[in-house]
$ cat model-v2.cif   # mmCIF, N, CA and C atoms
data_target
loop_
_atom_site.label_atom_id
_atom_site.label_comp_id
_atom_site.auth_asym_id
_atom_site.auth_seq_id
_atom_site.Cartn_x
_atom_site.Cartn_y
_atom_site.Cartn_z
N MET A 1 120.22 96.90 110.21
CA MET A 1 119.17 97.28 109.28
C MET A 1 117.81 96.87 109.85
N SER A 2 116.85 97.76 109.74
CA SER A 2 115.51 97.50 110.24
C SER A 2 114.82 96.41 109.42
N GLN A 3 113.99 95.63 110.09
CA GLN A 3 113.22 94.61 109.39
C GLN A 3 112.16 95.23 108.50
N LEU A 4 111.86 96.51 108.69
CA LEU A 4 110.88 97.21 107.87
C LEU A 4 111.48 97.82 106.60
N GLN A 5 112.78 97.85 106.49
CA GLN A 5 113.43 98.48 105.34
C GLN A 5 112.92 97.93 104.00
N PRO A 6 112.67 96.61 103.87
CA PRO A 6 112.15 96.11 102.58
C PRO A 6 110.75 96.63 102.24
N TYR A 7 110.04 97.18 103.23
CA TYR A 7 108.69 97.71 103.01
C TYR A 7 108.70 99.12 102.41
N VAL A 8 109.85 99.80 102.45
CA VAL A 8 109.96 101.16 101.94
C VAL A 8 109.57 101.18 100.46
N ASN A 9 108.76 102.17 100.09
CA ASN A 9 108.22 102.36 98.74
C ASN A 9 107.17 101.32 98.37
N HIS A 10 106.59 100.68 99.38
CA HIS A 10 105.49 99.74 99.18
C HIS A 10 104.30 100.18 100.01
N LYS A 11 103.11 99.77 99.59
CA LYS A 11 101.89 100.10 100.32
C LYS A 11 101.80 99.24 101.57
N VAL A 12 101.58 99.91 102.72
CA VAL A 12 101.49 99.21 104.00
C VAL A 12 100.22 99.63 104.73
N SER A 13 99.82 98.79 105.66
CA SER A 13 98.72 99.10 106.56
C SER A 13 99.31 99.17 107.97
N VAL A 14 98.98 100.22 108.70
CA VAL A 14 99.48 100.42 110.05
C VAL A 14 98.30 100.44 111.01
N ILE A 15 98.35 99.57 112.01
CA ILE A 15 97.36 99.60 113.08
C ILE A 15 98.05 100.27 114.27
N MET A 16 97.43 101.35 114.74
CA MET A 16 98.03 102.10 115.84
C MET A 16 97.46 101.65 117.17
N ASN A 17 98.14 102.00 118.24
CA ASN A 17 97.75 101.59 119.58
C ASN A 17 96.34 102.04 119.96
N ASP A 18 95.86 103.13 119.36
CA ASP A 18 94.52 103.62 119.68
C ASP A 18 93.45 102.99 118.79
N GLY A 19 93.83 102.03 117.94
CA GLY A 19 92.88 101.31 117.10
C GLY A 19 92.70 101.88 115.71
N ARG A 20 93.33 103.02 115.41
CA ARG A 20 93.20 103.59 114.07
C ARG A 20 93.99 102.77 113.06
N ILE A 21 93.48 102.76 111.82
CA ILE A 21 94.14 102.04 110.73
C ILE A 21 94.47 103.04 109.64
N VAL A 22 95.74 103.11 109.28
CA VAL A 22 96.20 104.03 108.23
C VAL A 22 96.89 103.20 107.15
N VAL A 23 96.50 103.47 105.89
CA VAL A 23 97.07 102.77 104.74
C VAL A 23 97.74 103.80 103.85
N GLY A 24 98.95 103.49 103.39
CA GLY A 24 99.67 104.39 102.50
C GLY A 24 101.01 103.81 102.12
N THR A 25 101.77 104.57 101.35
CA THR A 25 103.08 104.13 100.89
C THR A 25 104.14 104.53 101.91
N LEU A 26 104.86 103.54 102.42
CA LEU A 26 105.93 103.81 103.38
C LEU A 26 107.10 104.46 102.64
N ARG A 27 107.47 105.66 103.07
CA ARG A 27 108.57 106.38 102.41
C ARG A 27 109.85 106.39 103.21
N GLY A 28 109.76 106.19 104.51
CA GLY A 28 110.98 106.20 105.31
C GLY A 28 110.69 105.88 106.75
N LEU A 29 111.77 105.56 107.48
CA LEU A 29 111.68 105.25 108.90
C LEU A 29 113.02 105.51 109.54
N ASP A 30 113.02 105.61 110.86
CA ASP A 30 114.28 105.81 111.57
C ASP A 30 114.49 104.71 112.59
N GLN A 31 115.53 104.85 113.42
CA GLN A 31 115.91 103.80 114.36
C GLN A 31 114.89 103.57 115.46
N THR A 32 113.96 104.52 115.69
CA THR A 32 112.92 104.33 116.70
C THR A 32 111.58 103.98 116.06
N THR A 33 111.61 103.58 114.80
CA THR A 33 110.44 103.16 114.02
C THR A 33 109.42 104.28 113.84
N ASN A 34 109.86 105.54 113.91
CA ASN A 34 109.01 106.62 113.43
C ASN A 34 108.93 106.42 111.92
N ILE A 35 107.73 106.52 111.35
CA ILE A 35 107.60 106.28 109.92
C ILE A 35 106.97 107.46 109.20
N ILE A 36 107.31 107.59 107.93
CA ILE A 36 106.71 108.60 107.05
C ILE A 36 105.96 107.84 105.97
N MET A 37 104.69 108.21 105.79
CA MET A 37 103.86 107.58 104.78
C MET A 37 103.35 108.64 103.82
N GLN A 38 103.24 108.28 102.55
CA GLN A 38 102.76 109.19 101.52
C GLN A 38 101.45 108.65 100.96
N GLY A 39 100.55 109.56 100.58
CA GLY A 39 99.26 109.14 100.03
C GLY A 39 98.45 108.35 101.04
N SER A 40 98.53 108.76 102.30
CA SER A 40 97.91 108.01 103.39
C SER A 40 96.41 108.25 103.48
N GLN A 41 95.72 107.20 103.92
CA GLN A 41 94.29 107.28 104.18
C GLN A 41 94.00 106.56 105.49
N GLU A 42 93.18 107.18 106.32
CA GLU A 42 92.69 106.49 107.50
C GLU A 42 91.41 105.79 107.12
N ARG A 43 91.27 104.53 107.52
CA ARG A 43 90.06 103.76 107.25
C ARG A 43 89.34 103.57 108.58
N ILE A 44 88.13 104.14 108.64
CA ILE A 44 87.35 104.11 109.87
C ILE A 44 86.19 103.13 109.67
N PHE A 45 86.23 102.04 110.42
CA PHE A 45 85.23 100.98 110.29
C PHE A 45 84.02 101.27 111.18
N SER A 46 82.86 100.80 110.72
CA SER A 46 81.62 100.97 111.44
C SER A 46 80.77 99.72 111.24
N GLU A 47 79.99 99.37 112.24
CA GLU A 47 79.10 98.22 112.11
C GLU A 47 77.83 98.57 111.36
N ASP A 48 77.53 99.87 111.25
CA ASP A 48 76.28 100.32 110.63
C ASP A 48 76.44 100.83 109.20
N GLU A 49 77.60 101.38 108.88
CA GLU A 49 77.84 101.98 107.57
C GLU A 49 79.11 101.40 106.98
N GLY A 50 79.37 101.74 105.72
CA GLY A 50 80.60 101.29 105.09
C GLY A 50 81.81 101.98 105.71
N VAL A 51 82.98 101.60 105.24
CA VAL A 51 84.23 102.17 105.76
C VAL A 51 84.36 103.62 105.31
N GLU A 52 84.59 104.51 106.26
CA GLU A 52 84.84 105.91 105.93
C GLU A 52 86.33 106.06 105.66
N VAL A 53 86.67 106.67 104.53
CA VAL A 53 88.06 106.86 104.14
C VAL A 53 88.39 108.35 104.25
N VAL A 54 89.38 108.68 105.08
CA VAL A 54 89.80 110.06 105.28
C VAL A 54 91.20 110.22 104.69
N ASP A 55 91.33 111.08 103.69
CA ASP A 55 92.64 111.33 103.08
C ASP A 55 93.51 112.13 104.05
N LEU A 56 94.73 111.62 104.29
CA LEU A 56 95.67 112.27 105.19
C LEU A 56 96.89 112.83 104.47
N GLY A 57 97.14 112.34 103.25
CA GLY A 57 98.31 112.80 102.50
C GLY A 57 99.61 112.30 103.09
N LEU A 58 100.60 113.21 103.21
CA LEU A 58 101.88 112.87 103.82
C LEU A 58 101.68 112.81 105.33
N TYR A 59 102.08 111.70 105.95
CA TYR A 59 101.73 111.46 107.35
C TYR A 59 102.91 110.87 108.10
N LEU A 60 103.16 111.39 109.29
CA LEU A 60 104.23 110.90 110.16
C LEU A 60 103.59 110.21 111.35
N ILE A 61 104.05 109.00 111.66
CA ILE A 61 103.54 108.27 112.82
C ILE A 61 104.73 107.95 113.73
N ARG A 62 104.60 108.32 114.99
CA ARG A 62 105.65 108.01 115.97
C ARG A 62 105.69 106.51 116.22
N GLY A 63 106.90 105.99 116.35
CA GLY A 63 107.08 104.56 116.53
C GLY A 63 106.39 103.98 117.74
N ASP A 64 106.29 104.75 118.82
CA ASP A 64 105.65 104.21 120.02
C ASP A 64 104.13 104.18 119.91
N ASN A 65 103.57 104.70 118.82
CA ASN A 65 102.13 104.63 118.58
C ASN A 65 101.74 103.47 117.65
N ILE A 66 102.73 102.73 117.17
CA ILE A 66 102.48 101.67 116.19
C ILE A 66 102.35 100.32 116.90
N ALA A 67 101.25 99.61 116.59
CA ALA A 67 101.05 98.26 117.12
C ALA A 67 101.49 97.23 116.08
N VAL A 68 101.07 97.41 114.80
CA VAL A 68 101.35 96.43 113.74
C VAL A 68 101.55 97.16 112.42
N ILE A 69 102.52 96.70 111.62
CA ILE A 69 102.70 97.18 110.25
C ILE A 69 102.74 95.96 109.35
N GLY A 70 101.99 96.01 108.25
CA GLY A 70 102.00 94.89 107.30
C GLY A 70 101.89 95.37 105.88
N LEU A 71 102.45 94.59 104.96
CA LEU A 71 102.34 94.90 103.54
C LEU A 71 100.90 94.72 103.08
N VAL A 72 100.49 95.54 102.13
CA VAL A 72 99.15 95.45 101.55
C VAL A 72 99.26 94.83 100.16
N ASP A 73 98.42 93.84 99.89
CA ASP A 73 98.30 93.28 98.55
C ASP A 73 97.50 94.28 97.74
N GLU A 74 98.18 95.08 96.93
CA GLU A 74 97.53 96.19 96.21
C GLU A 74 96.45 95.71 95.25
N GLU A 75 96.65 94.56 94.63
CA GLU A 75 95.65 94.03 93.71
C GLU A 75 94.37 93.69 94.46
N LEU A 76 94.51 93.00 95.58
CA LEU A 76 93.36 92.63 96.40
C LEU A 76 92.71 93.87 97.02
N ASP A 77 93.53 94.80 97.51
CA ASP A 77 93.02 96.02 98.12
C ASP A 77 92.18 96.83 97.13
N GLY A 78 92.58 96.81 95.87
CA GLY A 78 91.85 97.53 94.83
C GLY A 78 90.48 96.95 94.54
N THR A 79 90.26 95.70 94.89
CA THR A 79 88.97 95.06 94.62
C THR A 79 87.99 95.21 95.78
N LEU A 80 88.44 95.74 96.92
CA LEU A 80 87.56 95.88 98.08
C LEU A 80 86.50 96.96 97.84
N ASP A 81 85.27 96.65 98.18
CA ASP A 81 84.17 97.61 98.11
C ASP A 81 84.02 98.22 99.50
N LEU A 82 84.83 99.24 99.78
CA LEU A 82 84.87 99.82 101.12
C LEU A 82 83.54 100.47 101.51
N GLU A 83 82.76 100.93 100.53
CA GLU A 83 81.48 101.58 100.85
C GLU A 83 80.49 100.60 101.46
N ASN A 84 80.63 99.32 101.15
CA ASN A 84 79.70 98.31 101.66
C ASN A 84 80.34 97.36 102.67
N LEU A 85 81.60 97.58 102.98
CA LEU A 85 82.31 96.74 103.94
C LEU A 85 82.05 97.26 105.35
N LYS A 86 81.56 96.40 106.23
CA LYS A 86 81.24 96.81 107.60
C LYS A 86 82.06 95.98 108.57
N GLY A 87 82.38 96.57 109.69
CA GLY A 87 83.15 95.85 110.70
C GLY A 87 83.22 96.64 111.98
N GLU A 88 83.46 95.96 113.05
CA GLU A 88 83.57 96.59 114.36
C GLU A 88 84.91 97.33 114.44
N PRO A 89 84.90 98.59 114.90
CA PRO A 89 86.17 99.31 115.07
C PRO A 89 87.06 98.60 116.08
N LEU A 90 88.37 98.68 115.89
CA LEU A 90 89.30 98.08 116.83
C LEU A 90 89.37 98.92 118.11
N PRO A 91 89.41 98.26 119.26
CA PRO A 91 89.56 99.01 120.50
C PRO A 91 91.00 99.48 120.68
N SER A 92 91.21 100.39 121.61
CA SER A 92 92.56 100.84 121.94
C SER A 92 93.33 99.69 122.58
N LEU A 93 94.65 99.69 122.37
CA LEU A 93 95.53 98.68 122.96
C LEU A 93 95.69 98.98 124.44
N LYS A 94 95.55 97.96 125.28
CA LYS A 94 95.72 98.15 126.71
C LYS A 94 96.98 97.43 127.14
N HIS A 95 97.86 98.14 127.82
CA HIS A 95 99.13 97.57 128.26
C HIS A 95 98.96 96.90 129.60
#

$ encode --input "model-v2.cif" --output "structure tokens"
Amino acid sequence: MSQLQPYVNHKVSVIMNDGRIVVGTLRGLDQTTNIIMQGSQERIFSEDEGVEVVDLGLYLIRGDNIAVIGLVDEELDGTLDLENLKGEPLPSLKH
């Protein structure tokens, strides 16, 4: 059984190898950690403006593109003011 199985049907944040951050509900995964997320949003950080949120809907991410997956505290996430939150974008992962 995958260590991610308990995350199914919970809100997760995925950091991909290219530095993108996608947040959504994990709906399923397979043996190669390909994942399906529902209600997904990409959060694009900027040092000059607030976080840009791009709705992606149902989204499939290949397992070899995933750097980190973590559970999201939905209560805390709901209190974030993304329009005024600024931060440096993550760089791509270098092997």

$ resolve_selection --input "model-v2.cif" --expression "the PyMOL selection byres (((chain A and resi 49 and name CA) around 8) and name CA)" --output "PyMOL selection string"
chain A and resi 45-48+50-51+83-86

$ resolve_selection --input "model-v2.cif" --expression "the PyMOL selection byres ((chain A and resi 19-36) around 8)" --output "VMD selection string"
chain A and resid 2 4 to 5 7 to 18 37 to 45 57 to 67 89 to 93

$ select_by_dssp --input "model-v2.cif" --residues "chain A" --states "alpha helix (DSSP H)" --output "VMD selection string"
chain A and resid 74 to 79

$ select_by_dssp --input "model-v2.cif" --residues "chain A" --states "strand (DSSP E or B)" --output "PDB file with N, CA and C atoms, in the frame of the given file"
ATOM      1  N   LYS A  11     103.110  99.770  99.590  1.00  0.00           N
ATOM      2  CA  LYS A  11     101.890 100.100 100.320  1.00  0.00           C
ATOM      3  C   LYS A  11     101.800  99.240 101.570  1.00  0.00           C
ATOM      4  N   VAL A  12     101.580  99.910 102.720  1.00  0.00           N
ATOM      5  CA  VAL A  12     101.490  99.210 104.000  1.00  0.00           C
ATOM      6  C   VAL A  12     100.220  99.630 104.730  1.00  0.00           C
ATOM      7  N   SER A  13      99.820  98.790 105.660  1.00  0.00           N
ATOM      8  CA  SER A  13      98.720  99.100 106.560  1.00  0.00           C
ATOM      9  C   SER A  13      99.310  99.170 107.970  1.00  0.00           C
ATOM     10  N   VAL A  14      98.980 100.220 108.700  1.00  0.00           N
ATOM     11  CA  VAL A  14      99.480 100.420 110.050  1.00  0.00           C
ATOM     12  C   VAL A  14      98.300 100.440 111.010  1.00  0.00           C
ATOM     13  N   ILE A  15      98.350  99.570 112.010  1.00  0.00           N
ATOM     14  CA  ILE A  15      97.360  99.600 113.080  1.00  0.00           C
ATOM     15  C   ILE A  15      98.050 100.270 114.270  1.00  0.00           C
ATOM     16  N   MET A  16      97.430 101.350 114.740  1.00  0.00           N
ATOM     17  CA  MET A  16      98.030 102.100 115.840  1.00  0.00           C
ATOM     18  C   MET A  16      97.460 101.650 117.170  1.00  0.00           C
ATOM     19  N   ILE A  21      93.480 102.760 111.820  1.00  0.00           N
ATOM     20  CA  ILE A  21      94.140 102.040 110.730  1.00  0.00           C
ATOM     21  C   ILE A  21      94.470 103.040 109.640  1.00  0.00           C
ATOM     22  N   VAL A  22      95.740 103.110 109.280  1.00  0.00           N
ATOM     23  CA  VAL A  22      96.200 104.030 108.230  1.00  0.00           C
ATOM     24  C   VAL A  22      96.890 103.200 107.150  1.00  0.00           C
ATOM     25  N   VAL A  23      96.500 103.470 105.890  1.00  0.00           N
ATOM     26  CA  VAL A  23      97.070 102.770 104.740  1.00  0.00           C
ATOM     27  C   VAL A  23      97.740 103.800 103.850  1.00  0.00           C
ATOM     28  N   GLY A  24      98.950 103.490 103.390  1.00  0.00           N
ATOM     29  CA  GLY A  24      99.670 104.390 102.500  1.00  0.00           C
ATOM     30  C   GLY A  24     101.010 103.810 102.120  1.00  0.00           C
ATOM     31  N   THR A  25     101.770 104.570 101.350  1.00  0.00           N
ATOM     32  CA  THR A  25     103.080 104.130 100.890  1.00  0.00           C
ATOM     33  C   THR A  25     104.140 104.530 101.910  1.00  0.00           C
ATOM     34  N   LEU A  26     104.860 103.540 102.420  1.00  0.00           N
ATOM     35  CA  LEU A  26     105.930 103.810 103.380  1.00  0.00           C
ATOM     36  C   LEU A  26     107.100 104.460 102.640  1.00  0.00           C
ATOM     37  N   ARG A  27     107.470 105.660 103.070  1.00  0.00           N
ATOM     38  CA  ARG A  27     108.570 106.380 102.410  1.00  0.00           C
ATOM     39  C   ARG A  27     109.850 106.390 103.210  1.00  0.00           C
ATOM     40  N   GLY A  28     109.760 106.190 104.510  1.00  0.00           N
ATOM     41  CA  GLY A  28     110.980 106.200 105.310  1.00  0.00           C
ATOM     42  C   GLY A  28     110.690 105.880 106.750  1.00  0.00           C
ATOM     43  N   LEU A  29     111.770 105.560 107.480  1.00  0.00           N
ATOM     44  CA  LEU A  29     111.680 105.250 108.900  1.00  0.00           C
ATOM     45  C   LEU A  29     113.020 105.510 109.540  1.00  0.00           C
ATOM     46  N   ILE A  35     107.730 106.520 111.350  1.00  0.00           N
ATOM     47  CA  ILE A  35     107.600 106.280 109.920  1.00  0.00           C
ATOM     48  C   ILE A  35     106.970 107.460 109.200  1.00  0.00           C
ATOM     49  N   ILE A  36     107.310 107.590 107.930  1.00  0.00           N
ATOM     50  CA  ILE A  36     106.710 108.600 107.050  1.00  0.00           C
ATOM     51  C   ILE A  36     105.960 107.840 105.970  1.00  0.00           C
ATOM     52  N   MET A  37     104.690 108.210 105.790  1.00  0.00           N
ATOM     53  CA  MET A  37     103.860 107.580 104.780  1.00  0.00           C
ATOM     54  C   MET A  37     103.350 108.640 103.820  1.00  0.00           C
ATOM     55  N   GLN A  38     103.240 108.280 102.550  1.00  0.00           N
ATOM     56  CA  GLN A  38     102.760 109.190 101.520  1.00  0.00           C
ATOM     57  C   GLN A  38     101.450 108.650 100.960  1.00  0.00           C
ATOM     58  N   GLY A  39     100.550 109.560 100.580  1.00  0.00           N
ATOM     59  CA  GLY A  39      99.260 109.140 100.030  1.00  0.00           C
ATOM     60  C   GLY A  39      98.450 108.350 101.040  1.00  0.00           C
ATOM     61  N   SER A  40      98.530 108.760 102.300  1.00  0.00           N
ATOM     62  CA  SER A  40      97.910 108.010 103.390  1.00  0.00           C
ATOM     63  C   SER A  40      96.410 108.250 103.480  1.00  0.00           C
ATOM     64  N   GLN A  41      95.720 107.200 103.920  1.00  0.00           N
ATOM     65  CA  GLN A  41      94.290 107.280 104.180  1.00  0.00           C
ATOM     66  C   GLN A  41      94.000 106.560 105.490  1.00  0.00           C
ATOM     67  N   GLU A  42      93.180 107.180 106.320  1.00  0.00           N
ATOM     68  CA  GLU A  42      92.690 106.490 107.500  1.00  0.00           C
ATOM     69  C   GLU A  42      91.410 105.790 107.120  1.00  0.00           C
ATOM     70  N   ARG A  43      91.270 104.530 107.520  1.00  0.00           N
ATOM     71  CA  ARG A  43      90.060 103.760 107.250  1.00  0.00           C
ATOM     72  C   ARG A  43      89.340 103.570 108.580  1.00  0.00           C
ATOM     73  N   ILE A  44      88.130 104.140 108.640  1.00  0.00           N
ATOM     74  CA  ILE A  44      87.350 104.110 109.870  1.00  0.00           C
ATOM     75  C   ILE A  44      86.190 103.130 109.670  1.00  0.00           C
ATOM     76  N   GLU A  52      84.590 104.510 106.260  1.00  0.00           N
ATOM     77  CA  GLU A  52      84.840 105.910 105.930  1.00  0.00           C
ATOM     78  C   GLU A  52      86.330 106.060 105.660  1.00  0.00           C
ATOM     79  N   VAL A  53      86.670 106.670 104.530  1.00  0.00           N
ATOM     80  CA  VAL A  53      88.060 106.860 104.140  1.00  0.00           C
ATOM     81  C   VAL A  53      88.390 108.350 104.250  1.00  0.00           C
ATOM     82  N   VAL A  54      89.380 108.680 105.080  1.00  0.00           N
ATOM     83  CA  VAL A  54      89.800 110.060 105.280  1.00  0.00           C
ATOM     84  C   VAL A  54      91.200 110.220 104.690  1.00  0.00           C
ATOM     85  N   ASP A  55      91.330 111.080 103.690  1.00  0.00           N
ATOM     86  CA  ASP A  55      92.640 111.330 103.080  1.00  0.00           C
ATOM     87  C   ASP A  55      93.510 112.130 104.050  1.00  0.00           C
ATOM     88  N   LEU A  56      94.730 111.620 104.290  1.00  0.00           N
ATOM     89  CA  LEU A  56      95.670 112.270 105.190  1.00  0.00           C
ATOM     90  C   LEU A  56      96.890 112.830 104.470  1.00  0.00           C
ATOM     91  N   GLY A  57      97.140 112.340 103.250  1.00  0.00           N
ATOM     92  CA  GLY A  57      98.310 112.800 102.500  1.00  0.00           C
ATOM     93  C   GLY A  57      99.610 112.300 103.090  1.00  0.00           C
ATOM     94  N   LEU A  58     100.600 113.210 103.210  1.00  0.00           N
ATOM     95  CA  LEU A  58     101.880 112.870 103.820  1.00  0.00           C
ATOM     96  C   LEU A  58     101.680 112.810 105.330  1.00  0.00           C
ATOM     97  N   TYR A  59     102.080 111.700 105.950  1.00  0.00           N
ATOM     98  CA  TYR A  59     101.730 111.460 107.350  1.00  0.00           C
ATOM     99  C   TYR A  59     102.910 110.870 108.100  1.00  0.00           C
ATOM    100  N   LEU A  60     103.160 111.390 109.290  1.00  0.00           N
ATOM    101  CA  LEU A  60     104.230 110.900 110.160  1.00  0.00           C
ATOM    102  C   LEU A  60     103.590 110.210 111.350  1.00  0.00           C
ATOM    103  N   ILE A  61     104.050 109.000 111.660  1.00  0.00           N
ATOM    104  CA  ILE A  61     103.540 108.270 112.820  1.00  0.00           C
ATOM    105  C   ILE A  61     104.730 107.950 113.730  1.00  0.00           C
ATOM    106  N   ILE A  66     102.730 102.730 117.170  1.00  0.00           N
ATOM    107  CA  ILE A  66     102.480 101.670 116.190  1.00  0.00           C
ATOM    108  C   ILE A  66     102.350 100.320 116.900  1.00  0.00           C
ATOM    109  N   ALA A  67     101.250  99.610 116.590  1.00  0.00           N
ATOM    110  CA  ALA A  67     101.050  98.260 117.120  1.00  0.00           C
ATOM    111  C   ALA A  67     101.490  97.230 116.080  1.00  0.00           C
ATOM    112  N   VAL A  68     101.070  97.410 114.800  1.00  0.00           N
ATOM    113  CA  VAL A  68     101.350  96.430 113.740  1.00  0.00           C
ATOM    114  C   VAL A  68     101.550  97.160 112.420  1.00  0.00           C
ATOM    115  N   ILE A  69     102.520  96.700 111.620  1.00  0.00           N
ATOM    116  CA  ILE A  69     102.700  97.180 110.250  1.00  0.00           C
ATOM    117  C   ILE A  69     102.740  95.960 109.350  1.00  0.00           C
ATOM    118  N   GLY A  70     101.990  96.010 108.250  1.00  0.00           N
ATOM    119  CA  GLY A  70     102.000  94.890 107.300  1.00  0.00           C
ATOM    120  C   GLY A  70     101.890  95.370 105.880  1.00  0.00           C
ATOM    121  N   LEU A  71     102.450  94.590 104.960  1.00  0.00           N
ATOM    122  CA  LEU A  71     102.340  94.900 103.540  1.00  0.00           C
ATOM    123  C   LEU A  71     100.900  94.720 103.080  1.00  0.00           C
TER     124      LEU A  71
END

$ atom_distance --input "model-v2.cif" --atom1 "atom CA of A:Ile69" --atom2 "atom CA of A:Asp55"
18.8 Å

$ atom_distance --input "model-v2.cif" --atom1 "atom CA of A:Glu74" --atom2 "atom CA of A:Val53"
16.3 Å

$ atom_distance --input "model-v2.cif" --atom1 "atom N of A:Glu52" --atom2 "atom N of A:Gly87"
8.9 Å

$ decode --input "model-v2.cif" --residues "stretch 2-20 of chain A" --atoms "N, CA and C atoms" --output "PDB file, in the first residue's frame"
ATOM      1  N   SER A   2       0.510   2.205  -0.825  1.00  0.00           N
ATOM      2  CA  SER A   2       1.261   3.448  -0.928  1.00  0.00           C
ATOM      3  C   SER A   2       1.142   4.274   0.347  1.00  0.00           C
ATOM      4  N   GLN A   3       2.209   4.988   0.673  1.00  0.00           N
ATOM      5  CA  GLN A   3       2.176   5.872   1.833  1.00  0.00           C
ATOM      6  C   GLN A   3       1.260   7.061   1.597  1.00  0.00           C
ATOM      7  N   LEU A   4       0.885   7.307   0.350  1.00  0.00           N
ATOM      8  CA  LEU A   4      -0.018   8.412   0.027  1.00  0.00           C
ATOM      9  C   LEU A   4      -1.492   8.024   0.106  1.00  0.00           C
ATOM     10  N   GLN A   5      -1.792   6.760   0.234  1.00  0.00           N
ATOM     11  CA  GLN A   5      -3.184   6.306   0.255  1.00  0.00           C
ATOM     12  C   GLN A   5      -4.025   7.030   1.310  1.00  0.00           C
ATOM     13  N   PRO A   6      -3.506   7.304   2.515  1.00  0.00           N
ATOM     14  CA  PRO A   6      -4.325   8.032   3.500  1.00  0.00           C
ATOM     15  C   PRO A   6      -4.659   9.467   3.077  1.00  0.00           C
ATOM     16  N   TYR A   7      -3.946  10.005   2.084  1.00  0.00           N
ATOM     17  CA  TYR A   7      -4.192  11.372   1.608  1.00  0.00           C
ATOM     18  C   TYR A   7      -5.362  11.447   0.628  1.00  0.00           C
ATOM     19  N   VAL A   8      -5.807  10.295   0.101  1.00  0.00           N
ATOM     20  CA  VAL A   8      -6.902  10.271  -0.868  1.00  0.00           C
ATOM     21  C   VAL A   8      -8.146  10.892  -0.241  1.00  0.00           C
ATOM     22  N   ASN A   9      -8.818  11.746  -1.024  1.00  0.00           N
ATOM     23  CA  ASN A   9     -10.007  12.500  -0.621  1.00  0.00           C
ATOM     24  C   ASN A   9      -9.700  13.608   0.383  1.00  0.00           C
ATOM     25  N   HIS A  10      -8.440  14.017   0.446  1.00  0.00           N
ATOM     26  CA  HIS A  10      -8.024  15.145   1.283  1.00  0.00           C
ATOM     27  C   HIS A  10      -7.330  16.175   0.410  1.00  0.00           C
ATOM     28  N   LYS A  11      -7.336  17.417   0.870  1.00  0.00           N
ATOM     29  CA  LYS A  11      -6.676  18.505   0.148  1.00  0.00           C
ATOM     30  C   LYS A  11      -5.167  18.392   0.337  1.00  0.00           C
ATOM     31  N   VAL A  12      -4.438  18.412  -0.798  1.00  0.00           N
ATOM     32  CA  VAL A  12      -2.987  18.298  -0.764  1.00  0.00           C
ATOM     33  C   VAL A  12      -2.360  19.425  -1.577  1.00  0.00           C
ATOM     34  N   SER A  13      -1.101  19.672  -1.284  1.00  0.00           N
ATOM     35  CA  SER A  13      -0.293  20.601  -2.063  1.00  0.00           C
ATOM     36  C   SER A  13       0.822  19.788  -2.712  1.00  0.00           C
ATOM     37  N   VAL A  14       1.018  19.992  -4.008  1.00  0.00           N
ATOM     38  CA  VAL A  14       2.042  19.266  -4.753  1.00  0.00           C
ATOM     39  C   VAL A  14       3.044  20.276  -5.301  1.00  0.00           C
ATOM     40  N   ILE A  15       4.314  20.070  -4.980  1.00  0.00           N
ATOM     41  CA  ILE A  15       5.375  20.864  -5.580  1.00  0.00           C
ATOM     42  C   ILE A  15       6.010  19.984  -6.654  1.00  0.00           C
ATOM     43  N   MET A  16       6.011  20.509  -7.873  1.00  0.00           N
ATOM     44  CA  MET A  16       6.538  19.733  -8.993  1.00  0.00           C
ATOM     45  C   MET A  16       8.000  20.080  -9.249  1.00  0.00           C
ATOM     46  N   ASN A  17       8.672  19.234  -9.986  1.00  0.00           N
ATOM     47  CA  ASN A  17      10.096  19.399 -10.267  1.00  0.00           C
ATOM     48  C   ASN A  17      10.423  20.722 -10.953  1.00  0.00           C
ATOM     49  N   ASP A  18       9.461  21.283 -11.685  1.00  0.00           N
ATOM     50  CA  ASP A  18       9.709  22.550 -12.374  1.00  0.00           C
ATOM     51  C   ASP A  18       9.367  23.759 -11.502  1.00  0.00           C
ATOM     52  N   GLY A  19       9.016  23.526 -10.225  1.00  0.00           N
ATOM     53  CA  GLY A  19       8.753  24.607  -9.286  1.00  0.00           C
ATOM     54  C   GLY A  19       7.294  25.011  -9.176  1.00  0.00           C
ATOM     55  N   ARG A  20       6.419  24.435 -10.003  1.00  0.00           N
ATOM     56  CA  ARG A  20       4.998  24.781  -9.914  1.00  0.00           C
ATOM     57  C   ARG A  20       4.382  24.174  -8.654  1.00  0.00           C
TER      58      ARG A  20
END
